[in-house]
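Below is final_3.pdb, which holds PDB, C-alpha atoms.
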```
ATOM      1  CA  PHE Q  41     -18.223  -1.130   8.496
ATOM      2  CA  GLU Q  42     -18.155   2.325   7.028
ATOM      3  CA  MET Q  43     -19.620   0.954   3.787
ATOM      4  CA  ALA Q  44     -22.902   0.390   5.616
ATOM      5  CA  THR Q  45     -23.661   4.128   5.248
ATOM      6  CA  LEU Q  46     -23.755   4.079   1.461
ATOM      7  CA  PRO Q  47     -23.200   0.442   0.537
ATOM      8  CA  TYR Q  48     -23.825   0.647  -3.154
ATOM      9  CA  THR Q  49     -21.558   3.638  -3.663
ATOM     10  CA  GLY Q  50     -18.781   2.125  -1.567
ATOM     11  CA  PHE Q  51     -18.844  -1.281  -3.202
ATOM     12  CA  LEU Q  52     -19.133   0.237  -6.687
ATOM     13  CA  ALA Q  53     -16.040   2.350  -6.028
ATOM     14  CA  VAL Q  54     -14.077  -0.678  -4.834
ATOM     15  CA  LEU Q  55     -15.140  -2.689  -7.881
ATOM     16  CA  LEU Q  56     -14.165   0.134 -10.245
ATOM     17  CA  VAL Q  57     -10.754   0.442  -8.604
ATOM     18  CA  ALA Q  58     -10.322  -3.334  -8.750
ATOM     19  CA  ALA Q  59     -11.191  -3.345 -12.433
ATOM     20  CA  ALA Q  60      -8.669  -0.583 -13.064
ATOM     21  CA  CYS Q  61      -5.852  -2.642 -11.577
ATOM     22  CA  LEU Q  62      -6.724  -5.901 -13.382
ATOM     23  CA  PRO Q  63      -4.334  -5.389 -16.326
ATOM     24  CA  SER Q  64      -1.271  -4.659 -14.179
ATOM     25  CA  VAL Q  65      -1.937  -7.572 -11.830
ATOM     26  CA  GLY Q  66      -2.550  -9.899 -14.749
ATOM     27  CA  ALA Q  67       0.590  -8.744 -16.523
ATOM     28  CA  ALA Q  68       2.657  -9.268 -13.397
ATOM     29  CA  ALA Q  69       1.240 -12.726 -12.882
ATOM     30  CA  ALA Q  70       1.900 -13.694 -16.472
ATOM     31  CA  ALA Q  71       5.434 -12.339 -16.506
ATOM     32  CA  ASN Q  72       6.523 -13.932 -13.243
ATOM     33  CA  PRO Q  73       3.805 -15.953 -11.494
ATOM     34  CA  PRO Q  74       4.690 -16.473  -7.825
ATOM     35  CA  PRO Q  75       5.677 -20.132  -7.498
ATOM     36  CA  LYS Q  76       4.696 -22.160  -4.479
ATOM     37  CA  ARG Q  77       8.229 -21.919  -3.200
ATOM     38  CA  GLY Q  78       7.974 -18.137  -3.438
ATOM     39  CA  ILE Q  79       5.473 -17.685  -0.640
ATOM     40  CA  PRO Q  80       7.942 -18.464   2.180
ATOM     41  CA  SER Q  81      10.397 -16.165   0.404
ATOM     42  CA  MET Q  82       7.774 -13.404   0.387
ATOM     43  CA  ILE Q  83       7.200 -13.865   4.104
ATOM     44  CA  LYS Q  84      10.953 -13.749   4.763
ATOM     45  CA  ALA Q  85      11.201 -10.642   2.587
ATOM     46  CA  SER Q  86       8.391  -9.029   4.587
ATOM     47  CA  LEU Q  87      10.406  -9.605   7.756
ATOM     48  CA  SER Q  88      13.427  -7.987   6.083
ATOM     49  CA  GLN Q  89      11.311  -5.034   5.007
ATOM     50  CA  ALA Q  90       9.981  -4.256   8.488
ATOM     51  CA  PRO Q  91      13.216  -2.700   9.910
ATOM     52  CA  VAL Q  92      13.551  -0.438   6.856
ATOM     53  CA  MET Q  93       9.962   0.742   7.184
ATOM     54  CA  ALA Q  94      10.550   1.437  10.887
ATOM     55  CA  LEU Q  95      13.763   3.386  10.254
ATOM     56  CA  THR Q  96      12.130   5.517   7.561
ATOM     57  CA  TYR Q  97       8.894   5.980   9.532
ATOM     58  CA  PRO Q  98       9.361   9.776   9.971
ATOM     59  CA  ILE Q  99       8.844  10.129   6.198
ATOM     60  CA  ASP Q 100       5.411   8.527   6.564
ATOM     61  CA  THR Q 101       4.624  10.769   9.530
ATOM     62  CA  ILE Q 102       5.423  13.876   7.483
ATOM     63  CA  LYS Q 103       3.350  12.533   4.593
ATOM     64  CA  THR Q 104       0.300  11.951   6.798
ATOM     65  CA  ARG Q 105       0.469  15.429   8.337
ATOM     66  CA  LEU Q 106       0.739  17.019   4.888
ATOM     67  CA  GLN Q 107      -2.536  15.324   3.957
ATOM     68  CA  ILE Q 108      -4.540  16.635   6.932
ATOM     69  CA  PRO Q 109      -6.236  20.049   6.428
ATOM     70  CA  PHE Q 110      -6.488  20.589  10.216
ATOM     71  CA  GLY Q 111     -10.093  21.746  10.088
ATOM     72  CA  ALA Q 112      -9.456  24.869   7.998
ATOM     73  CA  PRO Q 113     -12.531  26.496   6.396
ATOM     74  CA  SER Q 114     -13.337  25.203   2.914
ATOM     75  CA  ALA Q 115     -12.614  28.530   1.220
ATOM     76  CA  TYR Q 116      -9.140  28.617   2.799
ATOM     77  CA  GLN Q 117      -8.075  25.000   2.295
ATOM     78  CA  ARG Q 118      -6.773  25.363  -1.274
ATOM     79  CA  SER Q 119      -4.779  28.560  -0.613
ATOM     80  CA  ALA Q 120      -0.985  28.732  -0.511
ATOM     81  CA  SER Q 121      -1.162  29.803   3.122
ATOM     82  CA  ALA Q 122      -3.114  26.679   4.070
ATOM     83  CA  PHE Q 123      -0.479  24.398   2.540
ATOM     84  CA  LYS Q 124       2.252  26.427   4.249
ATOM     85  CA  VAL Q 125       0.549  25.688   7.572
ATOM     86  CA  ARG Q 126       0.453  22.006   6.644
ATOM     87  CA  ARG Q 127       4.202  22.013   5.944
ATOM     88  CA  ILE Q 128       4.971  23.749   9.236
ATOM     89  CA  ASN Q 129       2.873  21.217  11.165
ATOM     90  CA  ALA Q 130       4.346  18.289   9.207
ATOM     91  CA  LEU Q 131       7.967  19.211   9.950
ATOM     92  CA  GLN Q 132       7.477  19.571  13.689
ATOM     93  CA  GLY Q 133       8.269  16.626  15.947
ATOM     94  CA  PRO Q 134       7.708  14.096  17.287
ATOM     95  CA  TYR Q 135       8.308  11.954  14.204
ATOM     96  CA  TRP Q 136       8.312   8.426  15.644
ATOM     97  CA  THR Q 137       4.955   8.521  17.378
ATOM     98  CA  GLY Q 138       2.811   5.588  16.234
ATOM     99  CA  VAL Q 139       5.742   3.503  14.972
ATOM    100  CA  VAL Q 140       4.651   0.529  17.115
ATOM    101  CA  ALA Q 141       1.281   0.423  15.336
ATOM    102  CA  SER Q 142       3.089   0.671  11.997
ATOM    103  CA  CYS Q 143       5.388  -2.254  12.843
ATOM    104  CA  ALA Q 144       2.385  -4.276  14.014
ATOM    105  CA  ASN Q 145       0.883  -3.644  10.579
ATOM    106  CA  GLN Q 146       3.745  -4.382   8.172
ATOM    107  CA  PHE Q 147       4.673  -8.050   8.505
ATOM    108  CA  PRO Q 148       1.243  -9.543   9.353
ATOM    109  CA  THR Q 149      -0.377  -7.683   6.449
ATOM    110  CA  PHE Q 150       2.160  -8.940   3.893
ATOM    111  CA  ALA Q 151       1.933 -12.476   5.299
ATOM    112  CA  ILE Q 152      -1.889 -12.417   5.170
ATOM    113  CA  VAL Q 153      -2.012 -10.966   1.648
ATOM    114  CA  TYR Q 154       0.420 -13.390   0.043
ATOM    115  CA  SER Q 155      -0.596 -16.530   1.946
ATOM    116  CA  THR Q 156      -4.269 -15.827   1.172
ATOM    117  CA  PHE Q 157      -3.328 -15.153  -2.455
ATOM    118  CA  GLU Q 158      -1.604 -18.526  -2.761
ATOM    119  CA  ALA Q 159      -4.426 -20.426  -1.045
ATOM    120  CA  ALA Q 160      -7.118 -18.721  -3.148
ATOM    121  CA  ARG Q 161      -5.174 -19.253  -6.374
ATOM    122  CA  ASN Q 162      -4.658 -22.975  -5.704
ATOM    123  CA  THR Q 163      -8.324 -23.429  -4.781
ATOM    124  CA  MET Q 164      -9.588 -21.660  -7.909
ATOM    125  CA  GLU Q 165      -7.147 -23.496 -10.177
ATOM    126  CA  GLU Q 166      -8.511 -26.804  -8.894
ATOM    127  CA  ALA Q 167     -12.146 -25.686  -9.068
ATOM    128  CA  PHE Q 168     -11.879 -23.967 -12.477
ATOM    129  CA  PRO Q 169      -9.088 -25.728 -14.425
ATOM    130  CA  ARG Q 170     -10.153 -24.176 -17.753
ATOM    131  CA  GLN Q 171     -10.352 -20.611 -16.469
ATOM    132  CA  SER Q 172      -7.799 -18.048 -17.668
ATOM    133  CA  LYS Q 173      -4.719 -17.874 -15.454
ATOM    134  CA  HIS Q 174      -4.853 -14.063 -15.612
ATOM    135  CA  VAL Q 175      -8.383 -14.056 -14.188
ATOM    136  CA  ILE Q 176      -7.529 -16.523 -11.414
ATOM    137  CA  ASP Q 177      -4.342 -14.692 -10.382
ATOM    138  CA  THR Q 178      -6.134 -11.346 -10.409
ATOM    139  CA  LEU Q 179      -9.073 -12.562  -8.335
ATOM    140  CA  ALA Q 180      -6.686 -14.283  -5.917
ATOM    141  CA  MET Q 181      -4.691 -11.062  -5.446
ATOM    142  CA  LEU Q 182      -7.892  -9.092  -4.828
ATOM    143  CA  ILE Q 183      -9.005 -11.655  -2.231
ATOM    144  CA  GLY Q 184      -5.586 -11.451  -0.591
ATOM    145  CA  SER Q 185      -5.732  -7.652  -0.514
ATOM    146  CA  VAL Q 186      -9.174  -7.650   1.105
ATOM    147  CA  ALA Q 187      -8.013 -10.181   3.705
ATOM    148  CA  GLY Q 188      -4.926  -8.103   4.478
ATOM    149  CA  SER Q 189      -6.985  -4.947   4.890
ATOM    150  CA  LEU Q 190      -8.960  -6.529   7.730
ATOM    151  CA  TRP Q 191      -5.749  -6.478   9.769
ATOM    152  CA  SER Q 192      -4.119  -3.341   8.378
ATOM    153  CA  THR Q 193      -7.075  -0.934   8.685
ATOM    154  CA  PRO Q 194      -7.213  -0.881  12.528
ATOM    155  CA  CYS Q 195      -3.420  -0.478  12.614
ATOM    156  CA  GLU Q 196      -3.634   2.438  10.179
ATOM    157  CA  VAL Q 197      -6.373   4.109  12.224
ATOM    158  CA  VAL Q 198      -4.308   3.905  15.420
ATOM    159  CA  LYS Q 199      -1.159   5.039  13.598
ATOM    160  CA  CYS Q 200      -2.885   8.092  12.121
ATOM    161  CA  THR Q 201      -4.149   9.185  15.529
ATOM    162  CA  PHE Q 202      -0.561   9.319  16.777
ATOM    163  CA  GLN Q 203       0.850  10.972  13.648
ATOM    164  CA  SER Q 204      -1.813  13.675  13.696
ATOM    165  CA  GLY Q 205      -1.177  14.441  17.357
ATOM    166  CA  MET Q 206      -4.599  13.296  18.569
ATOM    167  CA  TYR Q 207      -2.864  10.921  20.984
ATOM    168  CA  THR Q 208       0.705  11.070  22.220
ATOM    169  CA  ARG Q 209       0.724   8.603  25.085
ATOM    170  CA  SER Q 210       0.611   4.822  25.101
ATOM    171  CA  LEU Q 211      -0.629   2.570  22.301
ATOM    172  CA  GLY Q 212      -3.061   0.924  24.712
ATOM    173  CA  GLY Q 213      -4.418   4.315  25.733
ATOM    174  CA  ALA Q 214      -5.075   5.239  22.096
ATOM    175  CA  VAL Q 215      -6.866   1.954  21.456
ATOM    176  CA  ARG Q 216      -9.066   2.435  24.529
ATOM    177  CA  ALA Q 217      -9.836   6.045  23.590
ATOM    178  CA  ILE Q 218     -10.831   5.139  20.029
ATOM    179  CA  TYR Q 219     -13.046   2.346  21.307
ATOM    180  CA  ALA Q 220     -14.648   4.614  23.916
ATOM    181  CA  GLU Q 221     -15.428   7.322  21.338
ATOM    182  CA  THR Q 222     -16.454   5.284  18.301
ATOM    183  CA  GLY Q 223     -16.806   1.665  19.385
ATOM    184  CA  ALA Q 224     -15.367  -1.323  17.548
ATOM    185  CA  PHE Q 225     -16.440   0.078  14.173
ATOM    186  CA  GLY Q 226     -14.177   3.078  14.742
ATOM    187  CA  PHE Q 227     -11.166   0.895  14.026
ATOM    188  CA  TYR Q 228     -12.515   0.409  10.501
ATOM    189  CA  GLN Q 229     -13.107   4.080   9.797
ATOM    190  CA  GLY Q 230     -11.985   4.625   6.229
ATOM    191  CA  TYR Q 231     -12.137   0.908   5.364
ATOM    192  CA  THR Q 232     -13.553   1.575   1.897
ATOM    193  CA  ALA Q 233     -10.867   4.185   1.284
ATOM    194  CA  GLN Q 234      -8.182   1.745   2.384
ATOM    195  CA  LEU Q 235      -9.420  -0.834  -0.117
ATOM    196  CA  MET Q 236      -9.507   1.844  -2.822
ATOM    197  CA  ARG Q 237      -5.843   2.552  -2.047
ATOM    198  CA  ASP Q 238      -4.476  -0.961  -1.506
ATOM    199  CA  LEU Q 239      -6.129  -2.801  -4.405
ATOM    200  CA  PRO Q 240      -4.458  -0.692  -7.111
ATOM    201  CA  LEU Q 241      -1.276  -0.367  -5.010
ATOM    202  CA  TYR Q 242      -0.478  -4.085  -5.143
ATOM    203  CA  GLY Q 243      -1.407  -4.267  -8.821
ATOM    204  CA  VAL Q 244       0.667  -1.243  -9.844
ATOM    205  CA  LEU Q 245       3.606  -2.351  -7.667
ATOM    206  CA  LEU Q 246       3.807  -5.856  -9.118
ATOM    207  CA  GLY Q 247       3.095  -4.692 -12.651
ATOM    208  CA  SER Q 248       5.651  -1.860 -12.458
ATOM    209  CA  TYR Q 249       8.338  -4.123 -11.014
ATOM    210  CA  GLU Q 250       7.961  -6.747 -13.726
ATOM    211  CA  THR Q 251       7.806  -4.111 -16.492
ATOM    212  CA  VAL Q 252      10.856  -2.197 -15.238
ATOM    213  CA  ARG Q 253      12.754  -5.434 -14.566
ATOM    214  CA  ASP Q 254      12.083  -6.874 -18.029
ATOM    215  CA  SER Q 255      13.051  -3.597 -19.720
ATOM    216  CA  TYR Q 256      16.259  -3.344 -17.683
ATOM    217  CA  ILE Q 257      17.290  -6.936 -18.433
ATOM    218  CA  ASN Q 258      16.552  -6.511 -22.123
ATOM    219  CA  LYS Q 259      18.481  -3.243 -22.425
ATOM    220  CA  PHE Q 260      21.452  -3.687 -20.072
ATOM    221  CA  LEU Q 261      21.892  -7.347 -19.190
ATOM    222  CA  SER Q 262      21.271  -9.106 -22.477
ATOM    223  CA  ALA Q 263      23.959  -9.844 -25.055
ATOM    224  CA  LYS Q 264      22.476  -9.705 -28.570
ATOM    225  CA  ASP Q 265      23.810 -10.542 -31.994
ATOM    226  CA  LYS Q 266      23.652  -8.279 -35.033
ATOM    227  CA  LYS Q 267      20.080  -9.369 -35.716
ATOM    228  CA  GLY Q 268      18.985  -8.357 -32.229
ATOM    229  CA  VAL Q 269      18.507 -11.917 -31.008
ATOM    230  CA  THR Q 270      19.377 -12.432 -27.340
ATOM    231  CA  ARG Q 271      22.230 -14.919 -26.941
ATOM    232  CA  ALA Q 272      23.023 -14.559 -23.238
ATOM    233  CA  THR Q 273      21.633 -12.777 -20.196
ATOM    234  CA  ARG Q 274      23.490 -11.823 -17.042
ATOM    235  CA  ASP Q 275      21.793 -12.358 -13.684
ATOM    236  CA  MET Q 276      20.776  -9.264 -11.768
ATOM    237  CA  THR Q 277      22.709  -8.286  -8.657
ATOM    238  CA  PRO Q 278      20.971  -7.634  -5.302
ATOM    239  CA  GLN Q 279      21.763  -3.934  -5.703
ATOM    240  CA  GLU Q 280      19.969  -3.908  -9.053
ATOM    241  CA  ASP Q 281      16.997  -5.733  -7.508
ATOM    242  CA  ALA Q 282      16.789  -3.051  -4.822
ATOM    243  CA  ALA Q 283      17.101  -0.201  -7.319
ATOM    244  CA  LEU Q 284      14.343  -1.546  -9.560
ATOM    245  CA  GLY Q 285      12.213  -2.281  -6.507
ATOM    246  CA  PHE Q 286      12.617   1.335  -5.432
ATOM    247  CA  VAL Q 287      11.510   2.584  -8.858
ATOM    248  CA  ALA Q 288       8.467   0.296  -8.861
ATOM    249  CA  GLY Q 289       7.538   1.287  -5.313
ATOM    250  CA  ALA Q 290       7.932   4.997  -6.047
ATOM    251  CA  ILE Q 291       5.690   4.665  -9.107
ATOM    252  CA  ALA Q 292       3.048   2.702  -7.194
ATOM    253  CA  GLY Q 293       3.148   5.117  -4.263
ATOM    254  CA  GLY Q 294       2.869   8.167  -6.493
ATOM    255  CA  VAL Q 295       0.027   6.828  -8.637
ATOM    256  CA  THR Q 296      -2.046   5.834  -5.593
ATOM    257  CA  THR Q 297      -1.461   9.072  -3.647
ATOM    258  CA  PRO Q 298      -5.015  10.414  -4.251
ATOM    259  CA  PHE Q 299      -6.431   7.235  -2.698
ATOM    260  CA  ASP Q 300      -4.030   7.598   0.216
ATOM    261  CA  VAL Q 301      -5.185  11.192   0.782
ATOM    262  CA  VAL Q 302      -8.785   9.985   0.842
ATOM    263  CA  ARG Q 303      -7.837   7.210   3.274
ATOM    264  CA  THR Q 304      -6.041   9.632   5.619
ATOM    265  CA  GLN Q 305      -8.858  12.158   5.670
ATOM    266  CA  ALA Q 306     -11.499   9.421   5.951
ATOM    267  CA  THR Q 307      -9.658   8.007   8.966
ATOM    268  CA  MET Q 308      -9.511  11.394  10.652
ATOM    269  CA  ARG Q 309     -13.250  12.041  10.175
ATOM    270  CA  MET Q 310     -13.990  10.202  13.421
ATOM    271  CA  TRP Q 311     -12.821  13.220  15.431
ATOM    272  CA  GLY Q 312     -14.787  16.281  16.446
ATOM    273  CA  GLY Q 313     -17.494  14.419  18.338
ATOM    274  CA  ARG Q 314     -19.183  12.973  15.260
ATOM    275  CA  PRO Q 315     -20.004   9.245  15.315
ATOM    276  CA  TRP Q 316     -18.472   7.119  12.573
ATOM    277  CA  TRP Q 317     -21.808   6.597  10.812
ATOM    278  CA  SER Q 318     -22.405  10.343  10.311
ATOM    279  CA  ALA Q 319     -19.584  10.743   7.799
ATOM    280  CA  SER Q 320     -20.167  10.679   4.070
ATOM    281  CA  SER Q 321     -18.824   7.682   2.178
ATOM    282  CA  SER Q 322     -15.165   7.458   1.217
ATOM    283  CA  ALA Q 323     -16.194   7.107  -2.414
ATOM    284  CA  ALA Q 324     -17.673  10.618  -2.309
ATOM    285  CA  MET Q 325     -14.624  12.170  -0.658
ATOM    286  CA  MET Q 326     -12.282  12.398  -3.649
ATOM    287  CA  PRO Q 327     -14.398  14.870  -5.685
ATOM    288  CA  ARG Q 328     -15.051  16.847  -2.503
ATOM    289  CA  ILE Q 329     -11.352  17.058  -1.644
ATOM    290  CA  LEU Q 330     -10.586  18.050  -5.235
ATOM    291  CA  ALA Q 331     -13.231  20.783  -5.144
ATOM    292  CA  GLU Q 332     -12.198  22.160  -1.741
ATOM    293  CA  GLN Q 333      -8.411  21.663  -1.821
ATOM    294  CA  GLY Q 334      -7.613  21.498  -5.534
ATOM    295  CA  VAL Q 335      -5.159  19.222  -7.341
ATOM    296  CA  ARG Q 336      -2.506  20.130  -4.794
ATOM    297  CA  GLY Q 337      -4.726  18.773  -2.036
ATOM    298  CA  ILE Q 338      -5.556  15.485  -3.732
ATOM    299  CA  PHE Q 339      -1.843  14.850  -4.343
ATOM    300  CA  ALA Q 340      -0.688  16.120  -0.929
ATOM    301  CA  GLY Q 341       2.365  14.286   0.360
ATOM    302  CA  LEU Q 342       3.196  12.699  -3.015
ATOM    303  CA  PRO Q 343       7.029  13.031  -2.785
ATOM    304  CA  ALA Q 344       7.087  11.675   0.767
ATOM    305  CA  ARG Q 345       4.749   8.798  -0.080
ATOM    306  CA  SER Q 346       6.737   7.859  -3.199
ATOM    307  CA  LEU Q 347       9.990   7.916  -1.221
ATOM    308  CA  TYR Q 348       8.589   5.887   1.683
ATOM    309  CA  THR Q 349       6.924   3.293  -0.555
ATOM    310  CA  GLY Q 350      10.013   3.119  -2.771
ATOM    311  CA  LEU Q 351      12.365   2.435   0.141
ATOM    312  CA  GLY Q 352      10.090  -0.278   1.518
ATOM    313  CA  SER Q 353       9.719  -1.844  -1.914
ATOM    314  CA  ALA Q 354      13.505  -1.761  -2.440
ATOM    315  CA  ALA Q 355      14.052  -3.668   0.813
ATOM    316  CA  PHE Q 356      11.319  -6.167  -0.043
ATOM    317  CA  PHE Q 357      12.506  -7.053  -3.557
ATOM    318  CA  PHE Q 358      16.169  -7.051  -2.463
ATOM    319  CA  ALA Q 359      15.367  -9.749   0.097
ATOM    320  CA  TYR Q 360      12.760 -11.555  -2.025
ATOM    321  CA  GLU Q 361      15.005 -12.064  -5.058
ATOM    322  CA  LYS Q 362      17.895 -13.028  -2.794
ATOM    323  CA  PHE Q 363      15.854 -15.707  -1.029
ATOM    324  CA  LEU Q 364      14.618 -17.046  -4.372
ATOM    325  CA  ARG Q 365      18.184 -17.375  -5.660
ATOM    326  CA  LEU Q 366      19.305 -19.132  -2.476
ATOM    327  CA  LYS Q 367      16.377 -21.517  -2.756
ATOM    328  CA  ALA Q 368      17.120 -22.236  -6.406
ATOM    329  CA  ALA Q 369      20.796 -22.869  -5.631
ATOM    330  CA  SER Q 370      19.810 -25.232  -2.814
ATOM    331  CA  ASN Q 371      17.443 -27.167  -5.079
ATOM    332  CA  ASN Q 372      20.156 -27.567  -7.748
ATOM    333  CA  LYS Q 373      22.563 -29.235  -5.333
TER     334      LYS Q 373
END
```
Please go through the file and, once you have read it, give me the structure as structure tokens.
Amino acid sequence: FEMATLPYTGFLAVLLVAAACLPSVGAAAAANPPPKRGIPSMIKASLSQAPVMALTYPIDTIKTRLQIPFGAPSAYQRSASAFKVRRINALQGPYWTGVVASCANQFPTFAIVYSTFEAARNTMEEAFPRQSKHVIDTLAMLIGSVAGSLWSTPCEVVKCTFQSGMYTRSLGGAVRAIYAETGAFGFYQGYTAQLMRDLPLYGVLLGSYETVRDSYINKFLSAKDKKGVTRATRDMTPQEDAALGFVAGAIAGGVTTPFDVVRTQATMRMWGGRPWWSASSSAAMMPRILAEQGVRGIFAGLPARSLYTGLGSAAFFFAYEKFLRLKAASNNK
């Protein structure tokens, strides 16, 4: 793995990022802990999300190209002209290249994350019955995220090679070329960076959704008396679920954009004839990108990433809440 180059720095960065996302994951778990019946619903929702992610894939392609400096000299990378070149390259076709790798990533990753989360949570609850539920749910989500990244990282590497224009032919040809140039470890280029992105992403997404959902229900769907006591609450519609899911996804995507920039540039470091072990650690990339490309560089592609993540999140929560309601109605019969 890439972390073998600077193990202590890489693992410390992952732990710091994990600690940063503990409150939002814990809050989400406390507000609406995923019941055992929810895991199949999550898997079904992941299937429903996949077509939306495929249809909106050009947004992700544009985002990735905006994050690549295309080998410009350090002194030039933070200039307005450099970002103009990025925009020109980003808006040129093809836009769908690499979509097969993206589709191969979406559903399996969600299924791995949430099924591992449920299994880890049940195991820890049995082993540590007196432990705080927040701690167990948080650790279980982190375990699920790490497990999911083992599948998603190779898919992301292959996808980025297509989006950047490094390969434009078959998926099999890209896989063979990556293996020939970097070996099996090349498929995990940027693994630390991917963990740094995905760990807070899941935490912020779940935390944002529960926070926005609770605020919306309290303000718009609750009937209160003169004393402010809630007397009745209307159920949310699927359209409202999708809208709140979009907001939560856009927030999560925007907040984690710097980590996504690091992940994109870490993935692309395998090119130029350098072996994967010659690159500096992903943990050291963020200050370097900030110094060379400025704030604009570290947040490159933010609107596109927020839009893409928001649309995928809207589709997921639309289907997830719908399946939960159908299951509840079936159980009440």
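Nearest to Q:Thr201 of all the residues Q:Met308, Q:Ala160, Q:Met236, Q:Ile257 is Q:Met308, based on only C-alpha atoms.
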The PyMOL selection byres ((chain Q and resi 118-135) around 9) on the file shown: which residues, as a PyMOL selection string? chain Q and resi 97-110+112+114-117+136-139+203-205+331-337+340
Best match for closeness to Q:Arg253 among Q:Ala187, Q:Phe225, Q:Glu361, Q:Ile329, counting only C-alpha atoms: Q:Glu361
If you measure from atom CA of Q:Ser88 to atom CA of Q:Gly285, what distance in Å do you get, rounded to one decimal?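 Atom-to-atom, atom CA of Q:Ser88 and atom CA of Q:Gly285 are spaced 13.9 Å apart.
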Excluding Q:Asp238 and residues on its chain fewer than 6 positions from it, collect all residues at most 10 Å away from it, counting all atoms listed in the file, and give them as a list in words.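 Neighbouring residues, sequence-local ones excluded: Val57, Ala58, Leu182, Ser185, Val186, Gly188, Ser189, Val244, Thr296, Phe299 and Asp300 of chain Q.
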Applied to this file, what does the PyMOL selection byres ((chain Q and resi 90) around 9) return in terms of residues, put as a PyMOL selection string? chain Q and resi 85-89+91-95+143+146-147+352+355-356
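Residue nearest Q:Pro148 within the list Q:Phe202, Q:Phe358, Q:Trp191, Q:Phe168: Q:Trp191 [criterion: smallest interatomic distance, all atoms listed in the file].
Omitting stretch 161-164 of chain Q and its sequence neighbours fewer than 2 positions away, and counting all atoms listed in the file, the residues within 7 Å are Phe157, Glu158, Ala159, Glu166, Ala167, Phe168, Ile176, Asp177 and Ala180 of chain Q.
Shortest atom-to-atom contact with Q:Gln305 among Q:Val197, Q:Ala283, Q:Ile291, Q:Ile183: Q:Val197, counting all atoms listed in the file.
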Using only C-alpha atoms, which residue out of Q:Thr156, Q:Ser248, Q:Ser353, Q:Thr307 lies closest to Q:Thr193? Q:Thr307
Counting all atoms listed in the file, what is within 8 Å of Q:Ala292, bar same-chain residues fewer than 3 positions away, as a list in words?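 The residues that qualify are Leu241, Tyr242, Val244, Leu245, Ser248, Ala288, Gly289, Val295, Thr296, Ser346 and Thr349 of chain Q.
Taken over the shown file, the PyMOL selection byres ((chain Q and resi 280) around 12) identifies Tyr249, Val252, Arg253, Tyr256, Ile257, Phe260, Leu261, Arg274, Asp275, Met276, Thr277, Pro278, Gln279, Asp281, Ala282, Ala283, Leu284, Gly285, Phe286, Val287, Ala354, Ala355, Phe357, Phe358, Ala359, Glu361 and Lys362 of chain Q.
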Around stretch 118-132 of chain Q, fit a box with edges along x, y and z, padding it by 4 Å on each side, then list its centre and edge lengths in Å to one decimal as AutoDock Vina command-line options.
```
--center_x 0.6 --center_y 24.0 --center_z 6.2 --size_x 22.7 --size_y 19.5 --size_z 23.0
```
Pick from Q:Pro240, Q:Pro194, Q:Leu347, Q:Gln171: nearest to Q:Ala224, with only C-alpha atoms counted?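 That would be Q:Pro194, the residue with the smallest distance to Q:Ala224.
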List as a PyMOL selection string the protein and nucleic acid residues near Q:Arg303, meaning an atom at most 8 Å away when all atoms listed in the file are counted, but skip any in the same chain fewer than 5 places from it. chain Q and resi 230-231+233-234+237+322
